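Structure data (compact mmCIF, C-alpha atoms) from upload.txt:
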```txt
# COMPACT_ATOMS: atom_id res chain seq x y z
CA MET A 259 -38.40 79.94 20.89
CA GLN A 260 -40.27 80.92 24.02
CA ARG A 261 -37.28 82.46 25.77
CA GLU A 262 -37.00 85.07 23.01
CA ASN A 263 -40.74 85.40 22.36
CA ILE A 264 -40.09 84.54 18.73
CA VAL A 265 -42.92 83.10 16.65
CA ILE A 266 -41.71 80.57 14.06
CA PRO A 267 -43.83 80.04 10.92
CA THR A 268 -45.08 76.60 10.00
CA PHE A 269 -44.34 75.01 6.63
CA ALA A 270 -48.06 75.43 5.89
CA GLU A 271 -47.79 79.19 6.45
CA GLN A 272 -44.73 79.38 4.22
CA ARG A 273 -46.62 77.49 1.53
CA ASP A 274 -49.79 79.57 1.87
CA PRO A 275 -49.13 83.04 3.37
CA THR A 276 -52.86 83.81 3.33
CA ILE A 277 -53.16 81.86 6.60
CA ILE A 278 -50.48 83.90 8.39
CA PRO A 279 -52.14 85.71 11.34
CA ASP A 280 -53.21 89.30 10.66
CA LYS A 281 -51.18 90.51 13.65
CA ILE A 282 -47.97 89.35 11.97
CA LYS A 283 -48.99 90.82 8.61
CA GLU A 284 -49.52 94.18 10.27
CA ARG A 285 -46.05 93.98 11.75
CA LEU A 286 -44.54 93.07 8.38
CA LYS A 287 -45.91 96.30 6.93
CA LYS A 288 -43.32 98.13 9.05
CA VAL A 289 -40.39 95.79 8.40
CA ALA A 290 -37.94 95.88 5.47
CA MET A 291 -37.11 92.66 3.66
CA GLN A 292 -33.47 92.69 4.80
CA ASP A 293 -34.05 93.76 8.41
CA VAL A 294 -32.71 91.48 11.13
CA ASP A 295 -36.18 91.17 12.60
CA PRO A 296 -37.82 87.85 13.59
CA ALA A 297 -40.90 88.89 11.64
CA ASN A 298 -38.90 88.18 8.48
CA LEU A 299 -39.09 84.47 9.28
CA PHE A 300 -42.55 84.76 7.72
CA ARG A 301 -40.96 86.04 4.51
CA ILE A 302 -39.13 82.75 3.94
CA THR A 303 -41.48 81.92 1.08
CA TRP A 304 -41.57 82.16 -2.72
CA LYS A 305 -44.61 84.43 -2.46
CA ASN A 306 -43.22 87.71 -1.17
CA GLU A 307 -44.51 90.90 -2.71
CA PRO A 308 -41.51 92.43 -4.55
CA LYS A 309 -41.09 95.44 -2.28
CA GLU A 310 -38.05 96.43 -0.21
CA LYS A 311 -40.15 97.46 2.79
CA GLY A 312 -43.68 96.79 4.01
CA GLY A 313 -44.55 94.21 1.37
CA LEU A 314 -46.90 91.33 2.06
CA PHE A 315 -47.53 88.41 -0.30
CA ASN A 316 -48.62 87.45 -3.81
CA ARG A 317 -49.06 84.20 -5.77
CA GLY A 318 -45.38 83.83 -6.54
CA ASN A 319 -42.62 85.49 -8.56
CA TRP A 320 -41.62 83.85 -11.82
CA LEU A 321 -40.59 84.85 -15.31
CA GLU A 322 -40.34 83.35 -18.77
CA PHE A 323 -37.16 83.82 -20.77
CA PRO A 324 -37.98 84.89 -24.34
CA ARG A 325 -36.93 82.66 -27.21
CA GLU A 326 -35.06 85.59 -28.72
CA LEU A 327 -32.77 85.39 -25.68
CA THR A 328 -32.51 81.61 -25.24
CA GLY A 329 -32.29 80.67 -28.92
CA VAL A 330 -34.39 77.52 -28.40
CA LYS A 331 -38.03 76.66 -29.09
CA ALA A 332 -38.66 75.19 -25.66
CA ARG A 333 -40.33 77.50 -23.18
CA ILE A 334 -38.04 78.23 -20.24
CA VAL A 335 -39.64 79.48 -17.03
CA GLY A 336 -37.81 80.34 -13.82
CA LEU A 337 -38.84 81.04 -10.24
CA ALA A 338 -37.26 84.24 -8.92
CA GLY A 339 -35.53 83.91 -5.55
CA LYS A 340 -34.55 87.58 -5.44
CA TYR A 341 -37.45 88.48 -3.19
CA PHE A 342 -36.44 86.30 -0.27
CA PRO A 343 -34.68 87.93 2.69
CA VAL A 344 -30.94 88.09 1.81
CA GLY A 345 -32.01 88.00 -1.85
CA ALA A 346 -31.63 84.24 -2.29
CA HIS A 347 -33.89 81.23 -1.73
CA LYS A 348 -31.17 79.40 0.23
CA VAL A 349 -32.48 81.18 3.30
CA GLY A 350 -35.32 78.66 3.03
CA ALA A 351 -33.01 75.66 2.74
CA ALA A 352 -31.19 76.83 5.87
CA PHE A 353 -34.51 77.34 7.69
CA ALA A 354 -35.58 73.78 6.88
CA CYS A 355 -32.27 72.46 8.28
CA LEU A 356 -32.18 74.59 11.42
CA VAL A 357 -35.74 74.88 12.71
CA PRO A 358 -36.66 71.16 12.98
CA ARG A 359 -33.52 70.51 15.06
CA LEU A 360 -34.18 73.63 17.09
CA VAL A 361 -37.77 72.83 18.05
CA SER A 362 -36.97 69.15 18.65
CA GLY A 363 -34.12 69.99 21.01
CA GLU A 364 -31.44 68.35 18.84
CA PHE A 365 -29.75 71.73 18.57
CA ASP A 366 -29.37 73.76 21.78
CA PRO A 367 -28.80 77.47 21.03
CA THR A 368 -27.88 78.14 24.66
CA SER A 369 -24.74 76.00 24.46
CA GLN A 370 -24.06 75.40 20.76
CA LYS A 371 -23.26 77.41 17.68
CA ALA A 372 -24.79 76.68 14.28
CA VAL A 373 -22.12 76.11 11.64
CA TRP A 374 -23.00 77.13 8.07
CA PRO A 375 -20.51 75.87 5.44
CA SER A 376 -21.03 77.20 1.92
CA THR A 377 -19.48 79.18 -0.90
CA GLY A 378 -22.16 81.78 -0.47
CA ASN A 379 -25.92 81.95 -0.28
CA TYR A 380 -26.62 78.99 2.00
CA CYS A 381 -24.03 80.35 4.41
CA ARG A 382 -25.67 83.78 4.28
CA GLY A 383 -29.14 82.28 4.66
CA GLY A 384 -28.10 80.22 7.68
CA ALA A 385 -26.40 83.16 9.37
CA PHE A 386 -29.47 85.31 8.74
CA ASP A 387 -31.88 82.66 10.09
CA SER A 388 -29.66 82.27 13.14
CA ALA A 389 -29.70 86.01 13.75
CA LEU A 390 -33.50 86.12 13.51
CA LEU A 391 -33.83 83.22 15.94
CA GLY A 392 -31.27 84.47 18.46
CA CYS A 393 -28.82 81.64 17.75
CA LYS A 394 -25.05 82.02 17.53
CA ALA A 395 -23.64 81.21 14.10
CA ILE A 396 -20.32 80.30 12.54
CA ALA A 397 -20.05 81.12 8.83
CA ILE A 398 -17.49 79.19 6.76
CA LEU A 399 -16.81 80.39 3.22
CA PRO A 400 -13.84 80.82 0.86
CA GLN A 401 -11.60 83.82 1.43
CA GLY A 402 -11.85 84.70 -2.26
CA MET A 403 -15.55 85.53 -2.05
CA SER A 404 -16.57 89.19 -2.27
CA LYS A 405 -15.67 91.70 0.45
CA GLU A 406 -19.34 92.70 0.51
CA ARG A 407 -20.30 89.17 1.54
CA PHE A 408 -17.95 89.21 4.53
CA ASP A 409 -19.03 92.76 5.46
CA TRP A 410 -22.67 91.70 5.38
CA LEU A 411 -22.02 88.69 7.63
CA ARG A 412 -20.37 90.98 10.15
CA SER A 413 -23.18 93.53 9.90
CA ILE A 414 -25.83 91.04 11.04
CA GLY A 415 -23.76 89.98 14.05
CA THR A 416 -22.42 86.59 12.90
CA ASP A 417 -20.54 85.20 15.89
CA GLU A 418 -17.59 83.75 13.95
CA ILE A 419 -16.56 84.06 10.30
CA ILE A 420 -13.97 81.56 9.04
CA ALA A 421 -12.37 82.18 5.63
CA THR A 422 -10.99 79.05 3.97
CA PRO A 423 -8.41 78.98 1.13
CA GLY A 424 -9.55 79.54 -2.45
CA THR A 425 -12.71 80.73 -4.13
CA GLU A 426 -16.06 79.29 -5.17
CA SER A 427 -14.66 76.04 -6.57
CA ASN A 428 -12.70 75.25 -3.41
CA VAL A 429 -15.47 73.35 -1.66
CA LYS A 430 -13.25 70.65 -0.13
CA GLU A 431 -11.45 73.22 1.99
CA ILE A 432 -14.78 74.31 3.49
CA TYR A 433 -15.59 70.78 4.60
CA ASP A 434 -12.05 70.18 5.82
CA MET A 435 -12.73 73.02 8.23
CA CYS A 436 -16.01 71.36 9.25
CA TRP A 437 -14.13 68.20 10.17
CA LYS A 438 -11.64 70.28 12.14
CA LEU A 439 -14.42 71.97 14.12
CA ARG A 440 -16.15 68.66 14.70
CA LYS A 441 -12.93 67.16 16.07
CA GLU A 442 -11.85 70.10 18.22
CA ARG A 443 -15.16 71.65 19.30
CA ALA A 444 -17.73 68.88 19.02
CA HIS A 445 -19.43 69.87 22.28
CA GLU A 446 -20.15 73.42 21.16
CA VAL A 447 -20.99 73.22 17.44
CA THR A 448 -23.66 71.69 15.23
CA ILE A 449 -22.78 71.55 11.54
CA PHE A 450 -25.70 72.14 9.21
CA ASN A 451 -24.48 70.57 5.98
CA GLN A 452 -27.06 71.32 3.30
CA PHE A 453 -25.92 68.38 1.20
CA ARG A 454 -26.63 65.80 3.89
CA ARG A 455 -29.73 67.18 5.60
CA VAL A 456 -32.78 65.37 4.26
CA ARG A 457 -35.05 67.74 6.14
CA GLN A 458 -34.18 70.66 3.93
CA CYS A 459 -36.08 68.89 1.15
CA ARG A 460 -39.24 69.41 3.18
CA LEU A 461 -39.43 73.02 2.12
CA ALA A 462 -39.38 71.84 -1.48
CA LEU A 463 -42.09 69.29 -0.77
CA HIS A 464 -44.27 71.85 0.99
CA ASP A 465 -43.56 74.93 -1.12
CA ASP A 466 -41.36 74.66 -4.23
CA ARG A 467 -43.28 71.79 -5.75
CA ARG A 468 -46.60 73.60 -5.48
CA ASN A 469 -45.20 76.65 -7.25
CA ARG A 470 -44.02 74.40 -10.06
CA ARG A 471 -47.37 72.59 -10.01
CA ARG A 472 -49.14 75.89 -10.65
CA ASP A 473 -46.75 76.70 -13.50
CA LEU A 474 -47.38 73.26 -15.00
CA ARG A 475 -51.15 73.62 -14.73
CA THR A 476 -50.98 77.00 -16.45
CA ALA A 477 -49.03 75.39 -19.28
CA GLN A 478 -51.54 72.54 -19.50
CA GLU A 479 -54.47 74.94 -19.72
CA ALA A 480 -52.69 76.68 -22.59
CA GLN A 481 -52.05 73.27 -24.21
CA LEU A 482 -48.36 73.77 -23.68
CA ALA A 483 -47.69 71.00 -21.16
CA PRO A 484 -43.98 70.15 -21.13
CA ARG A 485 -42.70 66.75 -22.25
CA ARG A 486 -39.46 67.07 -20.30
CA LEU A 487 -38.51 68.98 -17.19
CA TYR A 488 -34.79 69.73 -16.82
CA LEU A 489 -33.71 70.34 -13.23
CA ARG A 490 -30.38 70.97 -11.54
CA HIS A 491 -30.48 68.56 -8.63
CA ARG A 492 -27.50 69.47 -6.47
CA LEU A 493 -29.49 69.77 -3.22
CA GLY A 494 -32.30 67.31 -3.79
CA ARG A 495 -34.87 70.09 -3.32
CA THR A 496 -35.45 70.66 -7.00
CA ILE A 497 -35.56 67.01 -7.96
CA ALA A 498 -38.13 66.46 -5.20
CA ALA A 499 -40.29 69.10 -6.86
CA GLY A 500 -39.88 67.30 -10.18
CA ASP A 501 -40.99 64.04 -8.59
CA TYR A 502 -44.12 65.73 -7.33
CA LEU A 503 -44.94 67.20 -10.74
CA ARG A 504 -44.69 63.73 -12.22
CA THR A 505 -47.51 62.55 -9.94
CA ILE A 506 -49.72 65.19 -11.55
CA SER A 507 -48.62 64.65 -15.15
CA PRO A 508 -47.08 61.15 -15.45
CA HIS A 509 -45.96 61.82 -19.03
CA VAL A 510 -43.41 64.41 -17.87
CA LYS A 511 -39.83 63.11 -17.99
CA VAL A 512 -37.66 64.58 -15.25
CA VAL A 513 -34.05 65.09 -16.33
CA ALA A 514 -31.35 65.79 -13.73
CA THR A 515 -28.36 67.96 -14.63
CA GLU A 516 -25.12 68.29 -12.68
CA ALA A 517 -22.04 70.48 -12.98
CA ASN A 518 -18.79 68.77 -14.00
CA ALA A 519 -16.62 70.93 -11.76
CA VAL A 520 -18.16 69.99 -8.41
CA PRO A 521 -20.05 66.67 -8.63
CA ASP A 522 -22.51 65.79 -5.87
CA ALA A 523 -20.46 62.83 -4.70
CA ILE A 524 -17.93 65.13 -3.06
CA PHE A 525 -20.59 66.54 -0.73
CA GLU A 526 -21.62 63.07 0.40
CA ARG A 527 -18.03 62.27 1.34
CA LEU A 528 -17.32 65.52 3.16
CA GLY A 529 -18.99 66.91 6.27
```
Take the structure I supplied and represent it as structure tokens, if you would.
Amino acid sequence: MQRENIVIPTFAEQRDPTIIPDKIKERLKKVAMQDVDPANLFRITWKNEPKEKGGLFNRGNWLEFPRELTGVKARIVGLAGKYFPVGAHKVGAAFACLVPRLVSGEFDPTSQKAVWPSTGNYCRGGAFDSALLGCKAIAILPQGMSKERFDWLRSIGTDEIIATPGTESNVKEIYDMCWKLRKERAHEVTIFNQFRRVRQCRLALHDDRRNRRRDLRTAQEAQLAPRRLYLRHRLGRTIAAGDYLRTISPHVKVVATEANAVPDAIFERLG
């Protein structure tokens, strides 16, 4: 955004932080991970050095859960989203929803507010991205979520915070509020529904899948290539990564899992 002199990272820079300009890396050495500083847009990547302040980048943060803990023979490896700003990778999903519409002019931050409906981390990620980019944000989340979550949203200057009835399972109420805003304030709000925005899969296609590709190659080199890859597919991001892995190792069977309590179909009907 030229009016704010904010530099926005490309998907290529998020995928490969080694190509981030040295000037920005020098600035990051003075910025904490959770600071409301536009420089932290360049920390929306899986490859942050695990430091609270002044960290740069590494090859990725992942861990393997020991069999003594899981009780199964299959090797279970997870990517750690803790080292994103706000402590959750949903800041990346929100970035991939917001920035394309911002740079294309579909979303006008001078006259509109970005609405972030979620039970938690996507809402926080969207509010944080908005704060970094100088956009006004409306956070919608259940009133039963933690006090710390609401305090944090206020601390970063979220323009409006709307608490809906219930707790984490009360997703319908969140999207009922979205419909209400769309009906009453259509001219001044843009709703960024993570479950309907195809663009947010782009971050998976440009970043997540390559992290999983590296993990898969490591397993192949150790003659431990997986036969099946089990993925929770609620947002489409993860399943997109699984699709990509299958182009590398066609024998891998990608298995989608879904929670019984809140099936995906509800998100397609609401918002």
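For the residues A:Cys355, A:Met403, A:Ile266, A:Val344, ranking by smallest atom-to-atom distance to A:Ser376 using only C-alpha atoms places A:Met403 first.
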Proximity to A:Cys381 - best of A:Ile334, A:Ile449, A:Leu327, A:Val510, only C-alpha atoms:
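Closest to A:Cys381 of all the choices is A:Ile449.
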Would you please work out which residue, of A:Ala395, A:Val361, A:Val429, A:Ala354, is nearest to A:Val447 when using only C-alpha atoms?
A:Ala395
Could you give me, as a ChimeraX atom specification, the residues that sit within 10 Å of (-16.9, 74.9, 20.5) in the file's coordinates, counting all atoms listed in the file?
/A:369-371,439-448
Among listed residues A:Lys394, A:Lys348, A:Arg333, A:Arg325, nearest A:Arg382 (using all atoms listed in the file)
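Looking at the shortest contact to A:Arg382, the residue is A:Lys348.
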Two-atom distance - atom CA of A:Val349, atom CA of A:Val513 (Å)
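These two atoms are separated by 25.4 Å.
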Rank A:Asn263, A:Glu284, A:Asn319, A:Gly350 by their smallest atom-to-atom distance to A:Val335, using only C-alpha atoms, and report the top residue only.
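Checking each candidate against A:Val335, we get A:Asn319 as the closest.
Here the question is which of A:Lys309, A:Lys287, A:Arg273, A:Arg359 gets nearest to A:Lys340 using all atoms listed in the file, and that residue is A:Lys309.
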Please indicate the distance in Å from atom CA of A:Asn306 to atom CA of A:Ile414, rounded to one decimal place.
21.5 Å
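The two atoms in question, atom CA of A:Ile302 and atom CA of A:Ser404, are spaced 24.3 Å apart.
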Write out as JSON, numbers by chain which residues come within 7 Å of A:Gln272 when counting all atoms listed in the file, dropping same-chain ones fewer than 3 positions away.
{"A": [267, 268, 269, 275, 300, 302, 303]}
Considering all atoms listed in the file, return as a list in words whatever protein or nucleic-acid residues lie within 9 Å of A:Gly345, sequence-local ones (same chain, fewer than 4 positions apart) excluded.
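In the requested form, the answer reads Met291, Gln292, Gly339, Lys340, Tyr341, Val349 and Asn379 of chain A.
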